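**Q** Got a file for you: data.cif, mmCIF, C-alpha atoms and all ligand atoms.
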```
data_final
#
loop_
_atom_site.group_PDB
_atom_site.id
_atom_site.type_symbol
_atom_site.label_atom_id
_atom_site.label_comp_id
_atom_site.auth_asym_id
_atom_site.auth_seq_id
_atom_site.Cartn_x
_atom_site.Cartn_y
_atom_site.Cartn_z
ATOM 1 C CA MET A 1 22.478 32.653 60.589
ATOM 2 C CA PRO A 2 22.356 33.966 57.039
ATOM 3 C CA ARG A 3 26.059 34.885 57.201
ATOM 4 C CA LEU A 4 26.887 31.415 58.483
ATOM 5 C CA LYS A 5 25.008 29.958 55.612
ATOM 6 C CA ILE A 6 26.980 32.111 53.173
ATOM 7 C CA HIS A 7 30.235 31.172 54.861
ATOM 8 C CA HIS A 8 29.285 27.534 54.584
ATOM 9 C CA THR A 9 28.431 27.971 50.928
ATOM 10 C CA GLU A 10 31.775 29.700 50.282
ATOM 11 C CA ASN A 11 33.578 26.737 51.807
ATOM 12 C CA ILE A 12 31.714 24.335 49.654
ATOM 13 C CA LEU A 13 32.357 26.499 46.615
ATOM 14 C CA SER A 14 36.102 26.800 47.177
ATOM 15 C CA SER A 15 36.523 23.094 47.863
ATOM 16 C CA THR A 16 34.581 22.039 44.812
ATOM 17 C CA THR A 17 35.670 24.536 42.153
ATOM 18 C CA CYS A 18 36.071 21.812 39.554
ATOM 19 C CA ASP A 19 32.643 20.264 40.274
ATOM 20 C CA CYS A 20 31.173 23.724 40.096
ATOM 21 C CA ASP A 21 32.795 24.457 36.708
ATOM 22 C CA CYS A 22 31.361 21.201 35.426
ATOM 23 C CA LEU A 23 27.938 22.105 36.791
ATOM 24 C CA ILE A 24 28.048 25.488 35.049
ATOM 25 C CA VAL A 25 29.003 23.839 31.735
ATOM 26 C CA VAL A 26 26.192 21.269 32.130
ATOM 27 C CA PHE A 27 23.783 24.084 33.002
ATOM 28 C CA ILE A 28 24.763 26.112 29.922
ATOM 29 C CA ILE A 29 24.525 23.042 27.662
ATOM 30 C CA THR A 30 21.073 22.260 29.103
ATOM 31 C CA ILE A 31 19.915 25.824 28.429
ATOM 32 C CA ILE A 32 21.245 25.710 24.842
ATOM 33 C CA ALA A 33 19.719 22.240 24.257
ATOM 34 C CA THR A 34 16.344 23.407 25.605
ATOM 35 C CA TRP A 35 16.494 26.504 23.406
ATOM 36 C CA LEU A 36 17.403 24.443 20.311
ATOM 37 C CA ASP A 37 14.607 22.007 21.186
ATOM 38 C CA SER A 38 12.107 24.849 21.362
ATOM 39 C CA MET A 39 13.281 26.019 17.899
ATOM 40 C CA ALA A 40 13.035 22.505 16.382
ATOM 41 C CA LEU A 41 9.885 21.336 14.656
ATOM 42 C CA PRO A 42 7.663 19.166 16.876
ATOM 43 C CA ARG A 43 8.472 15.660 15.636
ATOM 44 C CA ILE A 44 6.010 12.789 16.073
ATOM 45 C CA LYS A 45 8.473 10.673 17.999
ATOM 46 C CA SER A 46 6.609 7.371 17.822
ATOM 47 C CA LEU A 47 6.774 7.402 13.993
ATOM 48 C CA PRO A 48 9.734 6.392 11.824
ATOM 49 C CA ASP A 49 11.833 9.245 10.422
ATOM 50 C CA GLU A 50 10.202 11.712 9.869
ATOM 51 C CA ALA A 51 6.883 13.382 10.553
ATOM 52 C CA PHE A 52 6.131 16.684 12.267
ATOM 53 C CA TYR A 53 2.822 17.994 13.575
ATOM 54 C CA ILE A 54 1.987 21.622 14.416
ATOM 55 C CA PRO A 55 -1.510 22.398 15.775
ATOM 56 C CA ASN A 56 -2.976 25.852 15.081
ATOM 57 C CA PHE A 57 -0.548 26.451 12.231
ATOM 58 C CA ILE A 58 -3.029 28.957 10.785
ATOM 59 C CA THR A 59 -5.617 31.126 12.538
ATOM 60 C CA CYS A 60 -9.423 30.745 12.341
ATOM 61 C CA ASP A 61 -9.594 33.855 10.092
ATOM 62 C CA GLU A 62 -6.960 32.429 7.749
ATOM 63 C CA GLU A 63 -8.817 29.098 7.654
ATOM 64 C CA GLU A 64 -12.071 30.899 6.799
ATOM 65 C CA ARG A 65 -10.393 32.897 4.019
ATOM 66 C CA LEU A 66 -8.839 29.773 2.490
ATOM 67 C CA LEU A 67 -12.161 27.889 2.617
ATOM 68 C CA HIS A 68 -13.906 30.846 0.994
ATOM 69 C CA LYS A 69 -11.358 30.901 -1.867
ATOM 70 C CA ILE A 70 -11.596 27.134 -2.353
ATOM 71 C CA ASN A 71 -15.403 27.108 -2.296
ATOM 72 C CA SER A 72 -15.717 30.058 -4.653
ATOM 73 C CA ALA A 73 -13.481 28.484 -7.333
ATOM 74 C CA SER A 74 -15.271 27.927 -10.642
ATOM 75 C CA LEU A 75 -16.864 24.497 -11.057
ATOM 76 C CA PRO A 76 -14.401 23.304 -13.761
ATOM 77 C CA ARG A 77 -11.634 23.745 -11.189
ATOM 78 C CA TRP A 78 -12.992 20.683 -9.381
ATOM 79 C CA THR A 79 -12.205 17.176 -10.533
ATOM 80 C CA HIS A 80 -14.914 14.821 -9.287
ATOM 81 C CA LEU A 81 -13.428 11.518 -8.210
ATOM 82 C CA SER A 82 -15.429 8.551 -6.976
ATOM 83 C CA HIS A 83 -14.558 9.147 -3.310
ATOM 84 C CA ARG A 84 -13.909 12.887 -3.048
ATOM 85 C CA ARG A 85 -13.376 16.019 -5.152
ATOM 86 C CA LEU A 86 -10.090 17.672 -5.961
ATOM 87 C CA GLN A 87 -8.563 20.962 -7.138
ATOM 88 C CA THR A 88 -5.054 20.986 -8.624
ATOM 89 C CA TRP A 89 -2.977 24.175 -8.534
ATOM 90 C CA PRO A 90 -1.482 25.626 -10.681
ATOM 91 C CA SER A 91 -2.307 22.659 -12.996
ATOM 92 C CA ALA A 92 -2.131 18.877 -13.283
ATOM 93 C CA LEU A 93 1.224 17.270 -14.107
ATOM 94 C CA THR A 94 1.672 15.987 -17.663
ATOM 95 C CA GLN A 95 0.717 12.318 -17.638
ATOM 96 C CA SER A 96 3.593 11.141 -19.814
ATOM 97 C CA SER A 97 6.470 12.618 -17.817
ATOM 98 C CA ASN A 98 5.038 13.989 -14.548
ATOM 99 C CA THR A 99 6.157 17.476 -15.526
ATOM 100 C CA LEU A 100 4.656 20.706 -14.219
ATOM 101 C CA LEU A 101 4.147 23.520 -16.706
ATOM 102 C CA ALA A 102 5.778 26.489 -14.948
ATOM 103 C CA SER A 103 3.184 28.832 -13.510
ATOM 104 C CA PRO A 104 3.017 30.661 -10.188
ATOM 105 C CA LEU A 105 0.626 29.573 -7.440
ATOM 106 C CA PRO A 106 -2.196 32.068 -6.770
ATOM 107 C CA SER A 107 -1.455 34.537 -3.967
ATOM 108 C CA TRP A 108 -4.065 33.014 -1.613
ATOM 109 C CA LEU A 109 -2.132 29.714 -1.648
ATOM 110 C CA LEU A 110 1.169 31.508 -1.121
ATOM 111 C CA ASN A 111 0.193 33.798 1.705
ATOM 112 C CA PRO A 112 0.328 33.121 4.649
ATOM 113 C CA VAL A 113 1.077 29.385 4.338
ATOM 114 C CA ILE A 114 4.245 29.496 2.226
ATOM 115 C CA SER A 115 5.212 33.058 3.013
ATOM 116 C CA PRO A 116 5.894 33.637 5.818
ATOM 117 C CA ARG A 117 5.082 30.337 7.641
ATOM 118 C CA PHE A 118 6.959 27.662 5.618
ATOM 119 C CA ASP A 119 9.762 30.154 4.974
ATOM 120 C CA ASP A 120 10.113 30.834 8.706
ATOM 121 C CA LEU A 121 10.206 27.113 9.518
ATOM 122 C CA GLY A 122 12.596 26.358 6.626
ATOM 123 C CA THR A 123 10.136 23.630 5.548
ATOM 124 C CA PHE A 124 11.212 23.427 1.892
ATOM 125 C CA LEU A 125 14.731 24.796 2.375
ATOM 126 C CA ASP A 126 16.369 21.598 1.065
ATOM 127 C CA ALA A 127 13.904 21.059 -1.800
ATOM 128 C CA PRO A 128 15.233 21.746 -5.342
ATOM 129 C CA HIS A 129 13.057 24.832 -5.842
ATOM 130 C CA GLY A 130 13.305 25.978 -2.223
ATOM 131 C CA ALA A 131 9.505 26.280 -2.018
ATOM 132 C CA PRO A 132 6.427 24.295 -3.014
ATOM 133 C CA ASN A 133 5.253 24.783 -6.599
ATOM 134 C CA HIS A 134 2.177 22.520 -6.525
ATOM 135 C CA VAL A 135 -0.893 22.194 -4.299
ATOM 136 C CA LEU A 136 -3.615 19.534 -4.323
ATOM 137 C CA ILE A 137 -6.824 20.454 -2.540
ATOM 138 C CA ASN A 138 -8.916 17.471 -1.471
ATOM 139 C CA GLU A 139 -12.425 17.762 -0.074
ATOM 140 C CA TYR A 140 -13.881 14.854 1.899
ATOM 141 C CA LEU A 141 -17.545 14.696 2.901
ATOM 142 C CA PRO A 142 -18.423 12.418 5.830
ATOM 143 C CA GLY A 143 -18.041 8.837 4.611
ATOM 144 C CA GLN A 144 -15.436 9.762 1.982
ATOM 145 C CA GLY A 145 -11.710 9.024 2.046
ATOM 146 C CA ILE A 146 -8.661 8.254 -0.052
ATOM 147 C CA MET A 147 -7.230 4.806 -0.673
ATOM 148 C CA PRO A 148 -3.790 4.006 0.692
ATOM 149 C CA HIS A 149 -1.215 5.234 -1.771
ATOM 150 C CA GLU A 150 2.265 6.644 -2.060
ATOM 151 C CA ASP A 151 2.904 10.036 -3.545
ATOM 152 C CA GLY A 152 5.549 8.849 -5.948
ATOM 153 C CA ALA A 153 8.740 10.093 -7.498
ATOM 154 C CA ALA A 154 7.327 13.148 -9.269
ATOM 155 C CA TYR A 155 7.912 15.164 -6.111
ATOM 156 C CA TYR A 156 10.709 16.016 -3.751
ATOM 157 C CA PRO A 157 9.985 13.582 -0.894
ATOM 158 C CA LEU A 158 8.245 15.982 1.464
ATOM 159 C CA VAL A 159 4.524 16.746 1.791
ATOM 160 C CA ALA A 160 3.203 19.575 3.940
ATOM 161 C CA THR A 161 -0.539 19.216 4.626
ATOM 162 C CA VAL A 162 -2.705 21.995 6.014
ATOM 163 C CA SER A 163 -6.100 20.756 7.274
ATOM 164 C CA LEU A 164 -9.256 22.865 7.152
ATOM 165 C CA GLY A 165 -12.808 22.582 8.458
ATOM 166 C CA ALA A 166 -12.811 19.420 10.563
ATOM 167 C CA PRO A 167 -10.532 16.755 12.036
ATOM 168 C CA ILE A 168 -9.645 13.525 10.236
ATOM 169 C CA VAL A 169 -7.501 10.483 10.979
ATOM 170 C CA LEU A 170 -4.767 9.695 8.472
ATOM 171 C CA ASP A 171 -3.893 5.980 8.409
ATOM 172 C CA VAL A 172 -0.330 4.914 7.646
ATOM 173 C CA TYR A 173 0.353 1.408 6.292
ATOM 174 C CA GLU A 174 3.439 -0.679 5.659
ATOM 175 C CA LYS A 175 4.006 -0.773 1.895
ATOM 176 C CA ARG A 176 3.787 -4.543 1.931
ATOM 177 C CA GLN A 177 1.550 -5.894 4.648
ATOM 178 C CA GLN A 178 0.866 -9.576 5.029
ATOM 179 C CA LYS A 179 -2.539 -11.143 5.315
ATOM 180 C CA SER A 180 -3.204 -14.141 7.534
ATOM 181 C CA CYS A 181 -4.945 -16.939 5.666
ATOM 182 C CA SER A 182 -7.591 -19.137 7.251
ATOM 183 C CA ASP A 183 -5.231 -22.153 6.952
ATOM 184 C CA GLY A 184 -2.818 -20.371 9.245
ATOM 185 C CA GLY A 185 -0.319 -19.578 6.503
ATOM 186 C CA GLU A 186 0.563 -16.168 5.296
ATOM 187 C CA GLN A 187 0.360 -14.839 1.814
ATOM 188 C CA LEU A 188 1.029 -11.498 0.295
ATOM 189 C CA GLU A 189 -2.093 -9.631 -0.607
ATOM 190 C CA ARG A 190 -2.442 -9.339 -4.357
ATOM 191 C CA GLU A 191 -2.469 -5.626 -4.761
ATOM 192 C CA ALA A 192 -3.966 -4.038 -7.824
ATOM 193 C CA GLU A 193 -1.812 -1.012 -8.362
ATOM 194 C CA GLU A 194 -2.774 1.842 -10.604
ATOM 195 C CA GLN A 195 -1.546 5.370 -11.085
ATOM 196 C CA ASP A 196 -3.411 7.977 -9.090
ATOM 197 C CA GLU A 197 -3.892 11.632 -9.933
ATOM 198 C CA HIS A 198 -0.386 12.671 -8.964
ATOM 199 C CA GLY A 199 1.647 9.822 -10.383
ATOM 200 C CA GLY A 200 1.741 7.771 -7.166
ATOM 201 C CA LYS A 201 0.390 4.279 -6.802
ATOM 202 C CA LYS A 202 -2.799 3.449 -5.015
ATOM 203 C CA GLN A 203 -3.565 0.062 -3.610
ATOM 204 C CA GLU A 204 -6.947 -1.549 -4.111
ATOM 205 C CA ASN A 205 -8.389 -4.302 -1.881
ATOM 206 C CA TRP A 206 -7.072 -2.770 1.301
ATOM 207 C CA GLY A 207 -10.156 -3.038 3.508
ATOM 208 C CA TRP A 208 -8.697 -5.902 5.588
ATOM 209 C CA LYS A 209 -5.529 -4.070 6.493
ATOM 210 C CA GLN A 210 -4.897 -2.511 9.845
ATOM 211 C CA PRO A 211 -2.963 0.740 9.770
ATOM 212 C CA ARG A 212 0.434 0.566 11.410
ATOM 213 C CA PHE A 213 0.174 4.210 12.569
ATOM 214 C CA ARG A 214 -2.611 6.794 12.941
ATOM 215 C CA ILE A 215 -2.253 10.572 12.819
ATOM 216 C CA LEU A 216 -5.100 12.803 13.964
ATOM 217 C CA GLN A 217 -5.078 15.997 11.898
ATOM 218 C CA GLU A 218 -6.960 18.804 13.602
ATOM 219 C CA PRO A 219 -8.431 21.709 11.633
ATOM 220 C CA ARG A 220 -5.812 24.441 11.055
ATOM 221 C CA SER A 221 -2.948 22.041 11.752
ATOM 222 C CA LEU A 222 0.146 21.322 9.657
ATOM 223 C CA LEU A 223 1.481 17.804 9.096
ATOM 224 C CA ILE A 224 4.857 17.345 7.408
ATOM 225 C CA THR A 225 5.961 13.902 6.226
ATOM 226 C CA THR A 226 9.348 13.252 4.697
ATOM 227 C CA LYS A 227 12.227 10.731 4.460
ATOM 228 C CA GLU A 228 11.205 7.108 5.272
ATOM 229 C CA MET A 229 7.698 8.201 6.168
ATOM 230 C CA TYR A 230 7.378 9.438 2.585
ATOM 231 C CA THR A 231 9.216 6.633 0.801
ATOM 232 C CA ASP A 232 8.489 3.475 2.820
ATOM 233 C CA PHE A 233 4.835 3.818 3.808
ATOM 234 C CA LEU A 234 1.400 4.272 2.259
ATOM 235 C CA HIS A 235 -1.121 6.742 3.604
ATOM 236 C CA GLY A 236 -4.888 6.823 3.294
ATOM 237 C CA ILE A 237 -8.147 7.959 4.876
ATOM 238 C CA ALA A 238 -10.835 5.383 5.640
ATOM 239 C CA GLU A 239 -14.300 5.903 4.211
ATOM 240 C CA ARG A 240 -16.311 6.240 7.389
ATOM 241 C CA HIS A 241 -18.673 8.625 9.161
ATOM 242 C CA ARG A 242 -17.046 8.433 12.550
ATOM 243 C CA ASP A 243 -13.414 8.202 13.713
ATOM 244 C CA GLU A 244 -13.075 6.113 16.888
ATOM 245 C CA ASN A 245 -10.484 4.656 19.243
ATOM 246 C CA LEU A 246 -8.897 8.030 19.834
ATOM 247 C CA ASN A 247 -6.469 7.880 22.748
ATOM 248 C CA ALA A 248 -2.779 8.183 23.586
ATOM 249 C CA GLU A 249 -2.030 4.555 22.615
ATOM 250 C CA ALA A 250 -3.888 4.534 19.307
ATOM 251 C CA VAL A 251 -3.022 7.995 17.954
ATOM 252 C CA ASN A 252 0.666 8.632 17.320
ATOM 253 C CA ASN A 253 0.566 12.428 17.612
ATOM 254 C CA TRP A 254 -1.697 12.447 20.713
ATOM 255 C CA ASP A 255 0.802 14.398 22.845
ATOM 256 C CA LEU A 256 1.112 17.111 20.174
ATOM 257 C CA LEU A 257 -2.621 17.772 19.727
ATOM 258 C CA GLY A 258 -3.758 21.345 20.262
ATOM 259 C CA GLU A 259 -7.214 20.459 21.641
ATOM 260 C CA LYS A 260 -6.720 17.029 23.210
ATOM 261 C CA GLU A 261 -9.761 17.485 25.452
ATOM 262 C CA ARG A 262 -12.001 17.580 22.341
ATOM 263 C CA TYR A 263 -10.973 13.996 21.497
ATOM 264 C CA GLU A 264 -10.727 12.527 24.987
ATOM 265 C CA CYS A 265 -14.240 11.072 24.661
ATOM 266 C CA GLY A 266 -12.629 8.728 22.114
ATOM 267 C CA SER A 267 -14.517 9.586 18.915
ATOM 268 C CA TYR A 268 -16.077 12.274 16.722
ATOM 269 C CA GLU A 269 -18.518 12.414 13.838
ATOM 270 C CA ARG A 270 -16.838 13.349 10.579
ATOM 271 C CA GLN A 271 -17.708 16.673 8.969
ATOM 272 C CA THR A 272 -16.532 18.149 5.678
ATOM 273 C CA ARG A 273 -12.763 18.333 5.791
ATOM 274 C CA VAL A 274 -10.495 19.986 3.224
ATOM 275 C CA SER A 275 -6.766 19.415 2.900
ATOM 276 C CA LEU A 276 -4.123 21.442 1.112
ATOM 277 C CA THR A 277 -1.094 19.334 0.262
ATOM 278 C CA TYR A 278 1.928 21.416 -0.675
ATOM 279 C CA ARG A 279 4.705 19.759 -2.697
ATOM 280 C CA ASP A 280 7.725 20.545 -4.858
ATOM 281 C CA VAL A 281 7.402 18.961 -8.333
ATOM 282 C CA LEU A 282 10.892 18.035 -9.515
ATOM 283 C CA LYS A 283 10.426 18.475 -13.281
ATOM 284 C CA VAL A 284 9.234 21.906 -14.328
ATOM 285 C CA ALA A 285 8.987 22.987 -17.976
ATOM 286 C CA LYS A 286 9.270 26.667 -18.867
ATOM 287 C CA LEU A 287 6.876 28.113 -21.469
ATOM 288 C CA GLY A 288 9.041 27.396 -24.580
ATOM 289 C CA ASN A 289 9.716 23.837 -23.468
ATOM 290 C CA SER A 290 6.059 23.426 -22.481
ATOM 291 C CA ILE A 291 4.995 24.127 -26.082
ATOM 292 C CA LYS A 292 7.474 21.491 -27.326
ATOM 293 C CA LEU A 293 6.132 19.096 -24.681
ATOM 294 C CA LEU A 294 2.522 19.695 -25.765
ATOM 295 C CA ASN A 295 3.450 19.340 -29.460
ATOM 296 C CA ALA A 296 5.254 16.111 -28.720
ATOM 297 C CA LYS A 297 2.091 14.823 -27.025
ATOM 298 C CA GLY A 298 -0.145 15.941 -29.881
HETATM 299 O O1 LIG A 301 -6.124 14.773 2.617
HETATM 300 C C1 LIG A 301 -5.082 14.344 3.091
HETATM 301 O O2 LIG A 301 -4.667 14.660 4.212
HETATM 302 C C2 LIG A 301 -4.283 13.350 2.306
HETATM 303 C C3 LIG A 301 -4.214 13.692 0.858
HETATM 304 C C4 LIG A 301 -3.330 12.788 0.146
HETATM 305 O O3 LIG A 301 -3.014 11.715 0.577
HETATM 306 C C5 LIG A 301 -2.772 13.170 -1.147
HETATM 307 O O4 LIG A 301 -3.169 14.206 -1.711
HETATM 308 O O5 LIG A 301 -1.899 12.443 -1.628
#
```
Can you give me the file's structure in the form of structure tokens?

**A**
Amino acid sequence: MPRLKIHHTENILSSTTCDCDCLIVVFIITIIATWLDSMALPRIKSLPDEAFYIPNFITCDEEERLLHKINSASLPRWTHLSHRRLQTWPSALTQSSNTLLASPLPSWLLNPVISPRFDDLGTFLDAPHGAPNHVLINEYLPGQGIMPHEDGAAYYPLVATVSLGAPIVLDVYEKRQQKSCSDGGEQLEREAEEQDEHGGKKQENWGWKQPRFRILQEPRSLLITTKEMYTDFLHGIAERHRDENLNAEAVNNWDLLGEKERYECGSYERQTRVSLTYRDVLKVAKLGNSIKLLNAKG
């Protein structure tokens, strides 16, 4: 019987050599495509171009070390804003021209996030400086958030956010959303725009708006936003104590979550969450030029 089976197979093989060649080519292409897919960054497919989400980007030990460094920074390092507090590394951009005074990032912000992780992924490969040169560290207590804003033209249009401590939902809004009026008409919301701490614009009076997309950022995860997601949308974090309506329909990166089961009950109570947003500032002044820049200001 086995021999017969082989004989039968040989017949099929010899009569369908062409089909078989095609099958082998398709098979090889499928293997290569699957391999390339496994090398590609996990894209959030239900979002416009482009956002990527990687759970467990850093380990628990690395998270603990980063939190320790952040929490042991001297008090003047913190800027207290009305809705959160903020550290800016290596320094704030000059207000007049959004320029960074050249200075290296401290080693604890470089290692392991930039080197080796971003380097391995090629995250900032196309950015002018090939690596981030600026990090904002935001701390949100339960009930705190950040108003919808865009990050502005001071940076290469890519933000890589590492989340620490607790999950949070990032809301993504159309830049210009319309508000329904009680008379049934539509009018554009009058948006009070003002510069935020990194040269972007934040939008006041946004409480009525519904986010177009929602991204759940788990502790230790990495979120990368770039292209249209950077230029055509606003992002913000609502000031609330509890994030709700967590499910596959309402959270755009649901299928990429590392610990989906933790959120399947549909909500969680907020706890202190810290974010590190890595960016490449386009204009960098070297020491000599920095002195001229400061003199010009004075
Ligand atoms: O904390 C976050 O994930 C968002 C921070 C943010 O929007 C910003 O720094 O521009």

**Q** Using only C-alpha atoms and all ligand atoms, can you tell me which of A:Leu86, A:Ala102, A:Met229, A:Leu257 comes closest to ligand LIG 301 (chain A)?

**A**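 Answer, going by the shortest atom-to-atom distance: A:Leu86.
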
**Q** Could you report the residues within 8 Å of ligand LIG 301 (chain A), using only C-alpha atoms and all ligand atoms, as a PyMOL selection string?

**A** chain A and resi 136-140+146+148-151+161-163+168+170+198+217+235-237+274-277

**Q** Write to file, as an mmCIF file, keeping the file's coordinate frame, the residues of the selection just made, with C-alpha atoms.

**A**
```
data_model
loop_
_atom_site.group_PDB
_atom_site.id
_atom_site.type_symbol
_atom_site.label_atom_id
_atom_site.label_comp_id
_atom_site.auth_asym_id
_atom_site.auth_seq_id
_atom_site.Cartn_x
_atom_site.Cartn_y
_atom_site.Cartn_z
ATOM 1 C CA LEU A 136 -3.615 19.534 -4.323
ATOM 2 C CA ILE A 137 -6.824 20.454 -2.540
ATOM 3 C CA ASN A 138 -8.916 17.471 -1.471
ATOM 4 C CA GLU A 139 -12.425 17.762 -0.074
ATOM 5 C CA TYR A 140 -13.881 14.854 1.899
ATOM 6 C CA ILE A 146 -8.661 8.254 -0.052
ATOM 7 C CA PRO A 148 -3.790 4.006 0.692
ATOM 8 C CA HIS A 149 -1.215 5.234 -1.771
ATOM 9 C CA GLU A 150 2.265 6.644 -2.060
ATOM 10 C CA ASP A 151 2.904 10.036 -3.545
ATOM 11 C CA THR A 161 -0.539 19.216 4.626
ATOM 12 C CA VAL A 162 -2.705 21.995 6.014
ATOM 13 C CA SER A 163 -6.100 20.756 7.274
ATOM 14 C CA ILE A 168 -9.645 13.525 10.236
ATOM 15 C CA LEU A 170 -4.767 9.695 8.472
ATOM 16 C CA HIS A 198 -0.386 12.671 -8.964
ATOM 17 C CA GLN A 217 -5.078 15.997 11.898
ATOM 18 C CA HIS A 235 -1.121 6.742 3.604
ATOM 19 C CA GLY A 236 -4.888 6.823 3.294
ATOM 20 C CA ILE A 237 -8.147 7.959 4.876
ATOM 21 C CA VAL A 274 -10.495 19.986 3.224
ATOM 22 C CA SER A 275 -6.766 19.415 2.900
ATOM 23 C CA LEU A 276 -4.123 21.442 1.112
ATOM 24 C CA THR A 277 -1.094 19.334 0.262
#
```

**Q** Excluding His241 (chain A) and any residue of its chain fewer than 6 positions from it, enumerate the residues within 8 Å of it, using only C-alpha atoms, and give them as a PyMOL selection string.

**A** chain A and resi 142-144+269-270

**Q** With distances taken over all atoms listed in the file, which of A:Arg240, A:His129, A:Arg176, A:Arg212 is nearest to Leu282 (chain A)?

**A**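 Checking each of A:Arg240, A:His129, A:Arg176, A:Arg212 against Leu282 (chain A), counting all atoms listed in the file, the winner is A:His129.
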
**Q** Between A:Val284, A:Val172, A:Leu75, A:Leu256, which has the minimum distance to Pro48 (chain A) (counting only C-alpha atoms)?

**A**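 Closest candidate: A:Val172.
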
**Q** If I take CA of Asp171 (chain A) and CA of Phe52 (chain A), how far is one from the other in Å, to one decimal?

**A**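 Here the two named atoms are 15.2 Å from each other.
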
**Q** Extract, using only C-alpha atoms, all DNA, RNA and protein residues at most 9 Å from Leu101 (chain A), discarding same-chain residues fewer than 4 positions from it, and format them as a list in words.

**A** Pro90, Ser91, Ala92, Leu93, Thr94, Lys283, Val284, Ala285, Lys286, Leu287, Asn289 and Ser290 of chain A

**Q** Complete region 227-244 of chain A at the level of N, CA and C atoms, written as a PDB file, in the frame of the given file.

**A**
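Saved result, out_7.pdb, follows:
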```
ATOM      1  N   LYS A 227      11.297  11.862   4.295  1.00  0.00           N
ATOM      2  CA  LYS A 227      12.227  10.731   4.460  1.00  0.00           C
ATOM      3  C   LYS A 227      11.496   9.390   4.384  1.00  0.00           C
ATOM      4  N   GLU A 228      11.824   8.449   5.319  1.00  0.00           N
ATOM      5  CA  GLU A 228      11.205   7.108   5.272  1.00  0.00           C
ATOM      6  C   GLU A 228       9.689   7.166   5.312  1.00  0.00           C
ATOM      7  N   MET A 229       9.156   8.104   6.079  1.00  0.00           N
ATOM      8  CA  MET A 229       7.698   8.201   6.168  1.00  0.00           C
ATOM      9  C   MET A 229       7.094   8.469   4.795  1.00  0.00           C
ATOM     10  N   TYR A 230       7.849   9.154   3.946  1.00  0.00           N
ATOM     11  CA  TYR A 230       7.378   9.438   2.585  1.00  0.00           C
ATOM     12  C   TYR A 230       7.619   8.242   1.672  1.00  0.00           C
ATOM     13  N   THR A 231       8.828   7.640   1.801  1.00  0.00           N
ATOM     14  CA  THR A 231       9.216   6.633   0.801  1.00  0.00           C
ATOM     15  C   THR A 231       8.772   5.209   1.148  1.00  0.00           C
ATOM     16  N   ASP A 232       8.671   4.886   2.442  1.00  0.00           N
ATOM     17  CA  ASP A 232       8.489   3.475   2.820  1.00  0.00           C
ATOM     18  C   ASP A 232       7.075   3.124   3.281  1.00  0.00           C
ATOM     19  N   PHE A 233       6.183   4.075   3.290  1.00  0.00           N
ATOM     20  CA  PHE A 233       4.835   3.818   3.808  1.00  0.00           C
ATOM     21  C   PHE A 233       3.775   4.345   2.846  1.00  0.00           C
ATOM     22  N   LEU A 234       2.562   3.765   2.998  1.00  0.00           N
ATOM     23  CA  LEU A 234       1.400   4.272   2.259  1.00  0.00           C
ATOM     24  C   LEU A 234       0.550   5.063   3.236  1.00  0.00           C
ATOM     25  N   HIS A 235      -0.204   6.026   2.718  1.00  0.00           N
ATOM     26  CA  HIS A 235      -1.121   6.742   3.604  1.00  0.00           C
ATOM     27  C   HIS A 235      -2.504   6.779   2.964  1.00  0.00           C
ATOM     28  N   GLY A 236      -3.521   6.804   3.805  1.00  0.00           N
ATOM     29  CA  GLY A 236      -4.888   6.823   3.294  1.00  0.00           C
ATOM     30  C   GLY A 236      -5.858   7.290   4.368  1.00  0.00           C
ATOM     31  N   ILE A 237      -7.099   7.528   3.936  1.00  0.00           N
ATOM     32  CA  ILE A 237      -8.147   7.959   4.876  1.00  0.00           C
ATOM     33  C   ILE A 237      -9.332   7.020   4.683  1.00  0.00           C
ATOM     34  N   ALA A 238      -9.754   6.376   5.751  1.00  0.00           N
ATOM     35  CA  ALA A 238     -10.835   5.383   5.640  1.00  0.00           C
ATOM     36  C   ALA A 238     -12.154   6.071   5.313  1.00  0.00           C
ATOM     37  N   GLU A 239     -12.988   5.350   4.553  1.00  0.00           N
ATOM     38  CA  GLU A 239     -14.300   5.903   4.211  1.00  0.00           C
ATOM     39  C   GLU A 239     -15.272   5.576   5.333  1.00  0.00           C
ATOM     40  N   ARG A 240     -15.385   6.480   6.280  1.00  0.00           N
ATOM     41  CA  ARG A 240     -16.311   6.240   7.389  1.00  0.00           C
ATOM     42  C   ARG A 240     -16.932   7.558   7.845  1.00  0.00           C
ATOM     43  N   HIS A 241     -17.969   7.433   8.673  1.00  0.00           N
ATOM     44  CA  HIS A 241     -18.673   8.625   9.161  1.00  0.00           C
ATOM     45  C   HIS A 241     -18.190   9.053  10.538  1.00  0.00           C
ATOM     46  N   ARG A 242     -17.434   8.168  11.168  1.00  0.00           N
ATOM     47  CA  ARG A 242     -17.046   8.433  12.550  1.00  0.00           C
ATOM     48  C   ARG A 242     -15.629   7.892  12.775  1.00  0.00           C
ATOM     49  N   ASP A 243     -14.741   8.706  13.345  1.00  0.00           N
ATOM     50  CA  ASP A 243     -13.414   8.202  13.713  1.00  0.00           C
ATOM     51  C   ASP A 243     -13.441   7.843  15.189  1.00  0.00           C
ATOM     52  N   GLU A 244     -12.997   6.614  15.499  1.00  0.00           N
ATOM     53  CA  GLU A 244     -13.075   6.113  16.888  1.00  0.00           C
ATOM     54  C   GLU A 244     -11.713   5.667  17.383  1.00  0.00           C
TER      55      GLU A 244
END
```
